[in-house]
file query08.cif (mmCIF, C-alpha atoms (C1' of nucleotides))
data_input
loop_
_atom_site.label_atom_id
_atom_site.label_comp_id
_atom_site.auth_asym_id
_atom_site.auth_seq_id
_atom_site.Cartn_x
_atom_site.Cartn_y
_atom_site.Cartn_z
CA MET A 213 9.05 25.61 3.30
CA HIS A 214 10.58 26.02 6.69
CA VAL A 215 8.94 29.20 7.89
CA THR A 216 12.22 30.68 9.02
CA ASP A 217 13.88 30.05 5.67
CA ASP A 218 14.79 32.88 3.35
CA LYS A 219 13.31 30.94 0.47
CA ASN A 220 9.90 30.81 2.06
CA THR A 221 8.31 31.81 -1.20
CA GLU A 222 9.95 28.99 -3.09
CA PHE A 223 7.49 27.01 -5.13
CA GLY A 224 6.70 23.56 -3.76
CA ALA A 225 9.98 23.31 -1.91
CA LEU A 226 10.81 19.75 -0.96
CA ASP A 227 12.06 20.47 2.53
CA HIS A 228 9.81 20.99 5.48
CA ILE A 229 9.24 19.37 8.85
CA GLY A 230 6.93 16.72 7.41
CA TRP A 231 9.44 15.74 4.77
CA ARG A 232 12.26 15.48 7.28
CA LEU A 233 10.15 13.38 9.64
CA TRP A 234 9.25 11.08 6.79
CA GLN A 235 12.85 10.78 5.59
CA ALA A 236 14.16 10.06 9.09
CA ALA A 237 11.50 7.40 9.56
CA GLN A 238 12.56 5.91 6.24
CA VAL A 239 16.20 5.78 7.30
CA TRP A 240 15.21 3.78 10.37
CA LYS A 241 12.92 1.48 8.43
CA ILE A 242 15.47 0.71 5.73
CA ARG A 243 18.15 -0.07 8.27
CA PHE A 244 15.82 -2.32 10.21
CA THR A 245 14.71 -4.20 7.11
CA GLU A 246 18.32 -4.66 6.02
CA GLY A 247 19.18 -5.93 9.47
CA MET A 248 16.37 -8.47 9.50
CA LEU A 249 17.29 -9.55 6.00
CA ALA A 250 20.88 -10.11 7.09
CA GLU A 251 19.61 -12.30 9.94
CA GLY A 252 17.67 -14.41 7.47
CA TYR A 253 14.22 -12.98 8.18
CA GLY A 254 13.30 -12.09 4.64
CA TRP A 255 9.59 -12.29 5.44
CA TYR A 256 10.01 -9.27 7.70
CA ALA A 257 10.26 -7.05 4.63
CA GLU A 258 6.67 -7.89 3.74
CA ALA A 259 3.35 -6.56 4.93
CA ARG A 260 2.61 -9.40 7.31
CA SER A 261 5.43 -8.20 9.54
CA SER A 262 3.28 -5.19 10.44
CA VAL A 263 1.29 -7.45 12.75
CA VAL A 264 4.26 -8.64 14.76
CA PRO A 265 4.88 -5.61 17.00
CA TYR A 266 1.32 -5.87 18.33
CA ILE A 267 1.67 -9.44 19.56
CA GLY A 268 2.83 -9.54 23.17
CA PRO A 269 4.19 -12.54 25.06
CA ASP A 270 0.67 -13.69 25.95
CA GLY A 271 -0.69 -13.34 22.45
CA ILE A 272 -3.54 -11.05 21.44
CA ARG A 273 -7.15 -11.46 20.37
CA GLN A 274 -7.51 -11.10 16.64
CA SER A 275 -10.29 -8.57 17.09
CA GLU A 276 -7.95 -6.57 19.30
CA LEU A 277 -5.37 -6.59 16.51
CA VAL A 278 -8.02 -5.15 14.22
CA ARG A 279 -8.71 -2.33 16.64
CA ARG A 280 -5.09 -1.41 17.27
CA MET A 281 -3.84 -1.71 13.71
CA GLY A 282 -6.61 0.33 12.17
CA LEU A 283 -7.22 -2.16 9.38
CA THR A 284 -10.32 -4.11 8.47
CA LYS A 285 -10.76 -7.50 10.06
CA GLN A 286 -10.38 -9.11 6.65
CA ALA A 287 -6.99 -7.47 6.11
CA VAL A 288 -5.82 -8.64 9.54
CA GLN A 289 -7.18 -12.08 8.75
CA GLN A 290 -4.99 -12.29 5.66
CA LEU A 291 -1.90 -10.96 7.38
CA VAL A 292 -2.28 -13.45 10.22
CA ASP A 293 -2.97 -16.22 7.69
CA ASP A 294 0.38 -15.49 6.08
CA LEU A 295 2.19 -15.51 9.41
CA VAL A 296 0.57 -18.81 10.31
CA LYS A 297 1.69 -20.31 7.00
CA ALA A 298 5.19 -18.99 7.66
CA GLY A 299 5.17 -20.65 11.08
CA ILE A 300 5.64 -17.40 12.98
CA VAL A 301 2.34 -17.38 14.88
CA GLU A 302 -0.52 -19.75 15.64
CA ARG A 303 -4.22 -19.24 16.31
CA ILE A 304 -5.68 -20.86 19.41
CA PRO A 305 -9.30 -20.65 20.63
CA ASP A 306 -10.02 -17.96 23.18
CA PRO A 307 -11.08 -19.79 26.35
CA ASP A 308 -13.22 -16.84 27.45
CA ASP A 309 -15.13 -16.37 24.19
CA ARG A 310 -15.74 -19.24 21.85
CA ARG A 311 -16.13 -16.89 18.90
CA GLY A 312 -12.63 -15.50 19.33
CA LYS A 313 -9.15 -16.62 18.50
CA ILE A 314 -5.91 -15.73 20.22
CA VAL A 315 -2.92 -15.04 18.00
CA ARG A 316 0.36 -15.91 19.67
CA PHE A 317 3.94 -16.57 18.66
CA THR A 318 5.29 -20.00 17.95
CA SER A 319 8.76 -20.69 19.32
CA ALA A 320 10.16 -19.68 15.93
CA GLY A 321 8.24 -16.42 16.23
CA ILE A 322 9.66 -15.73 19.66
CA ALA A 323 13.18 -16.24 18.35
CA ALA A 324 12.51 -13.84 15.48
CA GLN A 325 11.13 -11.26 17.89
CA ARG A 326 14.24 -11.43 20.05
CA ASP A 327 16.48 -10.96 17.05
CA ALA A 328 14.34 -8.05 15.89
CA ASP A 329 14.71 -6.41 19.28
CA LYS A 330 18.48 -6.74 19.08
CA ILE A 331 18.50 -4.97 15.74
CA LYS A 332 16.31 -2.17 17.08
CA VAL A 333 18.73 -1.65 19.93
CA ARG A 334 21.64 -1.66 17.51
CA ILE A 335 20.06 0.99 15.27
CA GLU A 336 19.22 3.13 18.25
CA THR A 337 22.80 2.84 19.46
CA GLU A 338 24.08 3.88 16.06
CA MET A 339 21.80 6.90 15.98
CA ARG A 340 22.83 7.79 19.50
CA GLU A 341 26.43 7.83 18.36
CA THR A 342 25.57 9.89 15.32
CA LEU A 343 23.87 12.64 17.28
CA GLY A 344 25.59 12.29 20.62
CA ALA A 345 23.77 10.97 23.67
CA GLU A 346 22.42 14.33 24.75
CA ASP A 347 21.00 15.32 21.38
CA PHE A 348 19.60 11.86 20.82
CA ASP A 349 17.66 12.05 24.08
CA ARG A 350 16.42 15.50 23.08
CA LEU A 351 15.20 14.19 19.76
CA TYR A 352 13.56 11.23 21.45
CA ALA A 353 11.71 13.46 23.90
CA LEU A 354 10.73 16.06 21.29
CA LEU A 355 9.15 13.40 19.09
CA ARG A 356 7.13 12.19 22.06
CA ARG A 357 5.87 15.71 22.71
CA LEU A 358 4.91 16.15 19.09
CA ILE A 359 3.01 12.86 19.07
CA ASP A 360 1.27 13.40 22.39
CA ALA A 361 0.16 16.87 21.42
CA ASP A 362 -1.83 15.40 18.57
CA GLU A 363 -5.50 14.90 19.30
CA SER A 364 -6.43 12.74 16.35
CA ASN A 365 -3.77 10.16 17.03
CA PRO A 366 -4.46 8.36 20.31
CA GLY A 367 -7.77 6.76 19.41
CA PRO A 368 -7.46 3.44 17.58
CA ARG A 369 -10.41 2.54 15.34
CA MET B 61 13.21 -0.58 23.48
CA HIS B 62 14.84 2.75 24.21
CA VAL B 63 18.24 1.60 25.41
CA THR B 64 18.14 3.85 28.43
CA ASP B 65 14.75 2.55 29.51
CA ASP B 66 14.35 0.41 32.59
CA LYS B 67 12.15 -1.95 30.63
CA ASN B 68 14.81 -2.67 28.06
CA THR B 69 14.16 -6.36 28.36
CA GLU B 70 10.49 -5.96 27.60
CA PHE B 71 9.30 -8.27 24.88
CA GLY B 72 8.65 -6.60 21.54
CA ALA B 73 8.07 -3.24 23.16
CA LEU B 74 6.22 -0.87 20.87
CA ASP B 75 8.24 2.24 21.67
CA HIS B 76 11.59 3.00 20.16
CA ILE B 77 13.14 5.73 18.07
CA GLY B 78 11.88 4.20 14.82
CA TRP B 79 8.34 3.98 16.11
CA ARG B 80 8.37 7.57 17.31
CA LEU B 81 9.77 8.84 14.03
CA TRP B 82 7.07 6.93 12.17
CA GLN B 83 4.31 8.18 14.43
CA ALA B 84 5.45 11.78 14.19
CA ALA B 85 5.60 11.50 10.41
CA GLN B 86 2.07 10.09 10.49
CA VAL B 87 0.82 13.00 12.56
CA TRP B 88 2.14 15.39 9.94
CA LYS B 89 0.77 13.38 7.05
CA ILE B 90 -2.70 13.04 8.55
CA ARG B 91 -2.93 16.73 9.27
CA PHE B 92 -1.78 17.60 5.78
CA THR B 93 -4.27 15.25 4.16
CA GLU B 94 -7.07 16.62 6.31
CA GLY B 95 -6.04 20.13 5.35
CA MET B 96 -6.05 19.37 1.65
CA LEU B 97 -9.38 17.60 1.98
CA ALA B 98 -10.85 20.64 3.68
CA GLU B 99 -9.65 22.81 0.76
CA GLY B 100 -11.42 20.52 -1.67
CA TYR B 101 -8.37 18.63 -2.91
CA GLY B 102 -9.64 15.14 -2.28
CA TRP B 103 -7.33 13.72 -4.95
CA TYR B 104 -4.37 14.64 -2.76
CA ALA B 105 -5.15 11.70 -0.51
CA GLU B 106 -4.30 9.30 -3.30
CA ALA B 107 -1.02 7.91 -4.58
CA ARG B 108 -0.73 10.27 -7.54
CA SER B 109 -0.15 13.14 -5.15
CA SER B 110 3.27 11.68 -4.38
CA VAL B 111 4.47 13.07 -7.71
CA VAL B 112 3.47 16.63 -7.01
CA PRO B 113 6.27 17.73 -4.66
CA TYR B 114 8.85 16.87 -7.31
CA ILE B 115 7.39 19.16 -9.96
CA GLY B 116 8.98 22.59 -9.83
CA PRO B 117 7.72 25.78 -11.49
CA ASP B 118 9.51 24.88 -14.74
CA GLY B 119 8.24 21.32 -14.82
CA ILE B 120 10.43 18.26 -14.77
CA ARG B 121 11.49 15.56 -17.20
CA GLN B 122 9.53 12.39 -16.64
CA SER B 123 12.74 10.37 -16.57
CA GLU B 124 14.02 12.71 -13.89
CA LEU B 125 10.88 12.01 -11.86
CA VAL B 126 11.68 8.33 -12.13
CA ARG B 127 15.19 8.87 -10.77
CA ARG B 128 14.16 11.06 -7.86
CA MET B 129 11.11 9.12 -6.78
CA GLY B 130 12.79 5.75 -6.80
CA LEU B 131 9.93 4.09 -8.68
CA THR B 132 9.90 2.34 -12.02
CA LYS B 133 9.19 4.40 -15.10
CA GLN B 134 5.94 2.48 -15.54
CA ALA B 135 4.74 3.41 -12.08
CA VAL B 136 5.59 7.06 -12.69
CA GLN B 137 3.86 6.84 -16.05
CA GLN B 138 0.64 5.75 -14.35
CA LEU B 139 0.84 8.35 -11.60
CA VAL B 140 1.40 11.11 -14.14
CA ASP B 141 -1.40 9.70 -16.31
CA ASP B 142 -3.78 10.07 -13.38
CA LEU B 143 -2.66 13.62 -12.72
CA VAL B 144 -3.12 14.47 -16.39
CA LYS B 145 -6.65 13.06 -16.32
CA ALA B 146 -7.33 15.08 -13.17
CA GLY B 147 -6.14 18.22 -14.96
CA ILE B 148 -3.35 18.90 -12.47
CA VAL B 149 -0.40 18.52 -14.84
CA GLU B 150 0.25 18.29 -18.55
CA ARG B 151 2.92 16.59 -20.65
CA ILE B 152 4.71 18.70 -23.25
CA PRO B 153 7.52 17.59 -25.57
CA ASP B 154 11.03 18.28 -24.35
CA PRO B 155 12.52 20.74 -26.88
CA ASP B 156 16.04 19.44 -26.16
CA ASP B 157 15.31 15.73 -26.55
CA ARG B 158 12.53 14.55 -28.78
CA ARG B 159 12.21 11.29 -26.86
CA GLY B 160 11.43 13.08 -23.63
CA LYS B 161 8.39 14.74 -22.13
CA ILE B 162 8.26 17.53 -19.62
CA VAL B 163 5.67 17.24 -16.88
CA ARG B 164 4.46 20.61 -15.69
CA PHE B 165 1.56 22.04 -13.76
CA THR B 166 -1.56 23.34 -15.39
CA SER B 167 -2.94 26.54 -13.90
CA ALA B 168 -5.21 24.39 -11.74
CA GLY B 169 -2.13 22.51 -10.55
CA ILE B 170 -0.33 25.70 -9.66
CA ALA B 171 -3.28 26.83 -7.59
CA ALA B 172 -3.35 23.48 -5.79
CA GLN B 173 0.36 23.71 -5.11
CA ARG B 174 0.01 27.15 -3.60
CA ASP B 175 -2.77 25.96 -1.32
CA ALA B 176 -0.69 22.94 -0.34
CA ASP B 177 2.20 25.19 0.58
CA LYS B 178 -0.08 27.26 2.79
CA ILE B 179 -1.17 24.16 4.65
CA LYS B 180 2.42 23.04 5.13
CA VAL B 181 3.29 26.40 6.61
CA ARG B 182 0.25 26.21 8.88
CA ILE B 183 1.18 22.76 10.19
CA GLU B 184 4.73 23.84 10.77
CA THR B 185 3.51 26.88 12.66
CA GLU B 186 1.29 24.70 14.82
CA MET B 187 4.14 22.36 15.62
CA ARG B 188 6.38 25.31 16.38
CA GLU B 189 3.84 26.52 18.90
CA THR B 190 3.52 23.05 20.40
CA LEU B 191 7.24 22.66 21.04
CA GLY B 192 8.28 26.27 21.34
CA ALA B 193 10.40 27.93 18.69
CA GLU B 194 13.71 26.88 20.17
CA ASP B 195 12.85 23.21 20.54
CA PHE B 196 11.24 23.12 17.14
CA ASP B 197 14.41 24.40 15.52
CA ARG B 198 16.38 21.81 17.46
CA LEU B 199 14.14 19.04 16.23
CA TYR B 200 14.36 20.35 12.70
CA ALA B 201 18.15 20.39 12.80
CA LEU B 202 18.45 17.01 14.53
CA LEU B 203 16.34 15.34 11.88
CA ARG B 204 18.58 16.81 9.20
CA ARG B 205 21.66 15.42 10.93
CA LEU B 206 20.08 11.99 11.22
CA ILE B 207 19.16 11.99 7.54
CA ASP B 208 22.48 13.30 6.30
CA ALA B 209 24.43 10.79 8.36
CA ASP B 210 22.77 8.00 6.44
CA GLU B 211 24.87 6.61 3.61
CA SER B 212 22.22 4.59 1.81
CA ASN B 213 19.87 7.51 1.48
CA PRO B 214 21.34 10.18 -0.83
CA GLY B 215 21.60 8.14 -4.01
CA PRO B 216 18.39 8.12 -6.07
CA ARG B 217 17.99 5.09 -8.35
"C1'" DT C 132 27.28 3.85 -39.78
"C1'" DC C 133 25.46 0.94 -36.86
"C1'" DA C 134 25.27 -0.99 -32.13
"C1'" DA C 135 23.95 0.14 -27.61
"C1'" DT C 136 21.35 3.11 -24.54
"C1'" DT C 137 17.60 6.06 -23.09
"C1'" DC C 138 12.76 7.68 -23.16
"C1'" DG C 139 8.04 7.01 -22.97
"C1'" DT C 140 4.37 3.71 -23.72
"C1'" DC C 141 1.30 -0.57 -23.73
"C1'" DA C 142 0.23 -4.97 -21.52
"C1'" DG C 143 -0.09 -8.17 -17.91
"C1'" DG C 144 0.71 -9.76 -13.05
"C1'" DC C 145 0.99 -9.69 -7.97
"C1'" DA C 146 0.55 -7.78 -3.18
"C1'" DG C 147 -2.10 -5.51 0.07
"C1'" DC C 148 -5.73 -3.65 1.12
"C1'" DT C 149 -10.99 -2.91 0.51
"C1'" DT C 150 -16.44 -4.02 0.69
"C1'" DG C 151 -19.99 -7.65 0.97
"C1'" DA C 152 -22.01 -11.74 2.90
"C1'" DC C 153 -22.24 -15.50 6.01
"C1'" DG C 154 -22.53 -18.98 10.15
"C1'" DA C 155 -21.42 -19.33 15.06
"C1'" DT C 156 -21.40 -17.39 19.42
"C1'" DA C 157 -22.48 -13.52 22.91
"C1'" DT C 158 -25.05 -9.75 24.59
"C1'" DT C 159 -29.02 -6.89 25.11
"C1'" DT C 160 -33.82 -6.17 25.39
"C1'" DG C 161 -38.91 -6.86 25.69
"C1'" DC D 297 -36.77 -16.64 28.86
"C1'" DA D 298 -37.06 -15.70 24.06
"C1'" DA D 299 -35.95 -12.97 20.41
"C1'" DA D 300 -33.50 -9.35 18.29
"C1'" DT D 301 -29.04 -7.40 17.80
"C1'" DA D 302 -24.07 -7.19 17.87
"C1'" DT D 303 -19.49 -9.32 17.63
"C1'" DC D 304 -15.95 -12.65 15.97
"C1'" DG D 305 -13.75 -14.96 12.47
"C1'" DT D 306 -14.09 -16.58 7.74
"C1'" DC D 307 -14.81 -16.95 2.52
"C1'" DA D 308 -15.19 -14.43 -1.80
"C1'" DA D 309 -14.46 -10.87 -5.04
"C1'" DG D 310 -12.67 -6.39 -6.44
"C1'" DC D 311 -9.61 -2.26 -6.61
"C1'" DT D 312 -5.23 0.31 -6.30
"C1'" DG D 313 -0.40 0.82 -6.56
"C1'" DC D 314 3.28 -0.97 -7.59
"C1'" DC D 315 6.06 -4.50 -10.36
"C1'" DT D 316 8.35 -7.07 -14.78
"C1'" DG D 317 8.39 -7.63 -19.77
"C1'" DA D 318 8.37 -5.94 -24.45
"C1'" DC D 319 8.41 -2.46 -27.87
"C1'" DG D 320 9.16 1.77 -31.32
"C1'" DA D 321 11.32 6.22 -31.55
"C1'" DA D 322 15.16 9.11 -30.64
"C1'" DT D 323 19.86 9.76 -28.97
"C1'" DT D 324 24.59 8.63 -28.03
"C1'" DG D 325 28.97 6.25 -28.65
"C1'" DA D 326 32.36 3.29 -31.22
#
call {"tool": "encode", "arguments": {"input": "query08.cif", "output": "structure tokens"}}
result
Amino acid sequence: MHVTDDKNTEFGALDHIGWRLWQAAQVWKIRFTEGMLAEGYGWYAEARSSVVPYIGPDGIRQSELVRRMGLTKQAVQQLVDDLVKAGIVERIPDPDDRRGKIVRFTSAGIAAQRDADKIKVRIETEMRETLGAEDFDRLYALLRRLIDADESNPGPR
Amino acid sequence: MHVTDDKNTEFGALDHIGWRLWQAAQVWKIRFTEGMLAEGYGWYAEARSSVVPYIGPDGIRQSELVRRMGLTKQAVQQLVDDLVKAGIVERIPDPDDRRGKIVRFTSAGIAAQRDADKIKVRIETEMRETLGAEDFDRLYALLRRLIDADESNPGPR
DNA sequence: TCAATTCGTCAGGCAGCTTGACGATATTTG
DNA sequence: CAAATATCGTCAAGCTGCCTGACGAATTGA
């Protein structure tokens, strides 16, 4: 599928830039999940973990989560419900808007987040060794350019 | 999260190699889906489309699909069922093994595949223009290296 | 030859989203 | 200021995409 390939006419070839991007993303994801599992964070393999990266140190309004994650408010509701049950986050009233709730980490959640960050750094270090520092930085920058060049991306729902 | 960043200590930072890989893969996927939609292949947005890339011009054994896709045979069964209903593929008996079925494209499926390939080439061309030919080839090669360096990846179920 | 394995199929279940409807609060408008 | 409208979170129900379990038919191995 690669336009510079000889086999450009090959039927439904399973190698092209999209496939490689997807596979590389999978490699990262699998390693991260394994890492979290090894640290005893089994829940991180499940859907509710998708909320976690969006919660900063000061917490986040639930409606803001909805906007950034691109899910319905009901889906976010359920994900946050699960995290609350698991003791990772808690909902507190928004002092500025009595309709709203702020979702923020519990102390257990903060600990999990720190461990997650360590694993991310470890994976990045491994990949940096695999490619060499120079090539890793190239890859990192090229991905950014590809993402930024996309018009449809930057606007959350 | 990028280990060379100044803000390496930032809490749960939402930018690291895994995030960029995922985002870039998303950019590709969204463009491809939009492209197929514009060509009238709405069904390609659904799960059953995940089977399609694995079906070559000669068809493929259903059990082989199971191995390569990493899903259960029941899941593959359902996906193929949907494609059969949609008239994209058909199941014919495997002449070499009377237990088996070969999944192959109908003429409608072949047409869809050709159109899909055109869109893939178009997206790749766009990305090549975005990055410049040289950098695109670098990215393409770097992704390959990252994927191949992964041990857990190459073995299908 | 007959036990174990593989292949496709039918049935049922669960997770992760969806749409719909609703009370409580905020915001906009006449 | 009052009333209409929009937003926020919640409850309920449904759909899709995968899963596990069980089975008959065909193949393979001892």
call {"tool": "interface_residues", "arguments": {"input": "query08.cif", "of": "chain A", "to": "chain D", "cutoff": "12 Å", "atoms": "all atoms listed in the file", "output": "JSON, numbers by chain"}}
result
{"A": [273, 274, 275, 276, 278, 285, 286, 287, 288, 289, 290, 292, 293, 303, 305, 306, 309, 310, 311, 312, 313, 314]}
call {"tool": "interface_residues", "arguments": {"input": "query08.cif", "of": "chain C", "to": "chain A", "cutoff": "9 Å", "atoms": "all atoms listed in the file", "output": "ChimeraX atom specification"}}
result
/C:146-149,155-157
call {"tool": "closest_atom_pairs", "arguments": {"input": "query08.cif", "of": "chain A", "to": "chain B", "cutoff": "9 Å", "atoms": "only C-alpha atoms", "output": "JSON lines"}}
result
{"residue": "A:Met213", "atom": "CA", "partner": "B:Val181", "partner_atom": "CA", "distance": 6.7}
{"residue": "A:His214", "atom": "CA", "partner": "B:Val181", "partner_atom": "CA", "distance": 7.3}
{"residue": "A:Val215", "atom": "CA", "partner": "B:Val181", "partner_atom": "CA", "distance": 6.4}
{"residue": "A:Phe223", "atom": "CA", "partner": "B:Pro117", "partner_atom": "CA", "distance": 6.5}
{"residue": "A:Gly224", "atom": "CA", "partner": "B:Pro113", "partner_atom": "CA", "distance": 5.9}
{"residue": "A:Ala225", "atom": "CA", "partner": "B:Pro113", "partner_atom": "CA", "distance": 7.2}
{"residue": "A:Leu226", "atom": "CA", "partner": "B:Pro113", "partner_atom": "CA", "distance": 6.2}
{"residue": "A:His228", "atom": "CA", "partner": "B:Lys180", "partner_atom": "CA", "distance": 7.7}
{"residue": "A:Ile229", "atom": "CA", "partner": "B:Tyr200", "partner_atom": "CA", "distance": 6.5}
{"residue": "A:Gly230", "atom": "CA", "partner": "B:Trp88", "partner_atom": "CA", "distance": 5.6}
{"residue": "A:Trp231", "atom": "CA", "partner": "B:Ala85", "partner_atom": "CA", "distance": 8.0}
{"residue": "A:Arg232", "atom": "CA", "partner": "B:Leu203", "partner_atom": "CA", "distance": 6.2}
{"residue": "A:Leu233", "atom": "CA", "partner": "B:Ala85", "partner_atom": "CA", "distance": 5.0}
{"residue": "A:Trp234", "atom": "CA", "partner": "B:Ala85", "partner_atom": "CA", "distance": 5.2}
{"residue": "A:Gln235", "atom": "CA", "partner": "B:Ile207", "partner_atom": "CA", "distance": 6.7}
{"residue": "A:Ala236", "atom": "CA", "partner": "B:Ile207", "partner_atom": "CA", "distance": 5.6}
{"residue": "A:Ala237", "atom": "CA", "partner": "B:Leu81", "partner_atom": "CA", "distance": 5.0}
{"residue": "A:Gln238", "atom": "CA", "partner": "B:Trp82", "partner_atom": "CA", "distance": 8.1}
{"residue": "A:Val239", "atom": "CA", "partner": "B:Ile207", "partner_atom": "CA", "distance": 6.9}
{"residue": "A:Trp240", "atom": "CA", "partner": "B:Gly78", "partner_atom": "CA", "distance": 5.6}
{"residue": "A:Lys241", "atom": "CA", "partner": "B:Gly78", "partner_atom": "CA", "distance": 7.0}
{"residue": "A:Ile242", "atom": "CA", "partner": "B:Ser212", "partner_atom": "CA", "distance": 8.7}
{"residue": "A:Arg243", "atom": "CA", "partner": "B:Ser212", "partner_atom": "CA", "distance": 8.9}
{"residue": "A:Phe244", "atom": "CA", "partner": "B:Gly78", "partner_atom": "CA", "distance": 8.9}
{"residue": "A:Val264", "atom": "CA", "partner": "B:Gly72", "partner_atom": "CA", "distance": 8.3}
{"residue": "A:Pro265", "atom": "CA", "partner": "B:Gly72", "partner_atom": "CA", "distance": 6.0}
{"residue": "A:Tyr266", "atom": "CA", "partner": "B:Leu74", "partner_atom": "CA", "distance": 7.4}
{"residue": "A:Ile267", "atom": "CA", "partner": "B:Gly72", "partner_atom": "CA", "distance": 7.8}
{"residue": "A:Gly268", "atom": "CA", "partner": "B:Gly72", "partner_atom": "CA", "distance": 6.7}
{"residue": "A:Pro269", "atom": "CA", "partner": "B:Phe71", "partner_atom": "CA", "distance": 6.7}
{"residue": "A:Gln325", "atom": "CA", "partner": "B:Gly72", "partner_atom": "CA", "distance": 6.4}
{"residue": "A:Arg326", "atom": "CA", "partner": "B:Gly72", "partner_atom": "CA", "distance": 7.5}
{"residue": "A:Ala328", "atom": "CA", "partner": "B:Gly72", "partner_atom": "CA", "distance": 8.1}
{"residue": "A:Asp329", "atom": "CA", "partner": "B:Gly72", "partner_atom": "CA", "distance": 6.5}
{"residue": "A:Lys332", "atom": "CA", "partner": "B:Met61", "partner_atom": "CA", "distance": 7.3}
{"residue": "A:Val333", "atom": "CA", "partner": "B:Val63", "partner_atom": "CA", "distance": 6.4}
{"residue": "A:Ile335", "atom": "CA", "partner": "B:Gly78", "partner_atom": "CA", "distance": 8.8}
{"residue": "A:Glu336", "atom": "CA", "partner": "B:Ile77", "partner_atom": "CA", "distance": 6.6}
{"residue": "A:Thr337", "atom": "CA", "partner": "B:Val63", "partner_atom": "CA", "distance": 7.6}
{"residue": "A:Met339", "atom": "CA", "partner": "B:Leu206", "partner_atom": "CA", "distance": 7.2}
{"residue": "A:Thr342", "atom": "CA", "partner": "B:Ala209", "partner_atom": "CA", "distance": 7.1}
{"residue": "A:Leu343", "atom": "CA", "partner": "B:Leu206", "partner_atom": "CA", "distance": 7.2}
{"residue": "A:Asp347", "atom": "CA", "partner": "B:Leu202", "partner_atom": "CA", "distance": 7.5}
{"residue": "A:Phe348", "atom": "CA", "partner": "B:Leu202", "partner_atom": "CA", "distance": 8.2}
{"residue": "A:Arg350", "atom": "CA", "partner": "B:Leu199", "partner_atom": "CA", "distance": 8.0}
{"residue": "A:Leu351", "atom": "CA", "partner": "B:Leu199", "partner_atom": "CA", "distance": 6.1}
{"residue": "A:Tyr352", "atom": "CA", "partner": "B:Ile77", "partner_atom": "CA", "distance": 6.5}
{"residue": "A:Leu354", "atom": "CA", "partner": "B:Leu199", "partner_atom": "CA", "distance": 6.8}
{"residue": "A:Leu355", "atom": "CA", "partner": "B:Arg80", "partner_atom": "CA", "distance": 6.1}
{"residue": "A:Arg356", "atom": "CA", "partner": "B:Arg80", "partner_atom": "CA", "distance": 6.7}
{"residue": "A:Arg357", "atom": "CA", "partner": "B:Leu191", "partner_atom": "CA", "distance": 7.3}
{"residue": "A:Leu358", "atom": "CA", "partner": "B:Ala84", "partner_atom": "CA", "distance": 6.6}
{"residue": "A:Ile359", "atom": "CA", "partner": "B:Ala84", "partner_atom": "CA", "distance": 5.6}
{"residue": "A:Ala361", "atom": "CA", "partner": "B:Thr190", "partner_atom": "CA", "distance": 7.1}
{"residue": "A:Asp362", "atom": "CA", "partner": "B:Val87", "partner_atom": "CA", "distance": 7.0}
{"residue": "A:Ser364", "atom": "CA", "partner": "B:Val87", "partner_atom": "CA", "distance": 8.2}
{"residue": "A:Asn365", "atom": "CA", "partner": "B:Val87", "partner_atom": "CA", "distance": 7.0}
call {"tool": "atom_distance", "arguments": {"input": "query08.cif", "atom1": "atom CA of B:Val149", "atom2": "atom CA of B:Gly119"}}
result
9.1 Å
call {"tool": "atom_distance", "arguments": {"input": "query08.cif", "atom1": "atom CA of B:Ile148", "atom2": "atom CA of B:Gly130"}}
result
21.6 Å
call {"tool": "atom_distance", "arguments": {"input": "query08.cif", "atom1": "atom CA of A:Ser262", "atom2": "atom CA of A:Val315"}}
result
13.9 Å
call {"tool": "closest_residue", "arguments": {"input": "query08.cif", "among": "B:Glu194, B:Ala168, B:Ile179, B:Ser109", "to": "B:Glu94", "atoms": "all atoms listed in the file"}}
result
B:Ile179
call {"tool": "decode", "arguments": {"input": "query08.cif", "residues": "stretch 247-261 of chain A", "atoms": "C-alpha atoms", "output": "PDB file, in the first residue's frame"}}
result
ATOM      1  CA  GLY A 247       3.078  -2.582  33.457  1.00  0.00           C
ATOM      2  CA  MET A 248       0.037  -1.407  35.375  1.00  0.00           C
ATOM      3  CA  LEU A 249      -1.065  -4.987  35.855  1.00  0.00           C
ATOM      4  CA  ALA A 250       2.328  -5.863  37.288  1.00  0.00           C
ATOM      5  CA  GLU A 251       1.970  -2.980  39.752  1.00  0.00           C
ATOM      6  CA  GLY A 252      -1.359  -4.353  40.893  1.00  0.00           C
ATOM      7  CA  TYR A 253      -3.581  -1.903  39.029  1.00  0.00           C
ATOM      8  CA  GLY A 254      -5.750  -4.420  37.267  1.00  0.00           C
ATOM      9  CA  TRP A 255      -8.587  -1.914  36.935  1.00  0.00           C
ATOM     10  CA  TYR A 256      -6.392   0.114  34.587  1.00  0.00           C
ATOM     11  CA  ALA A 257      -7.006  -2.458  31.861  1.00  0.00           C
ATOM     12  CA  GLU A 258     -10.679  -1.536  31.812  1.00  0.00           C
ATOM     13  CA  ALA A 259     -12.602   1.259  30.164  1.00  0.00           C
ATOM     14  CA  ARG A 260     -12.895   3.426  33.250  1.00  0.00           C
ATOM     15  CA  SER A 261      -9.156   4.068  33.093  1.00  0.00           C
TER      16      SER A 261
END
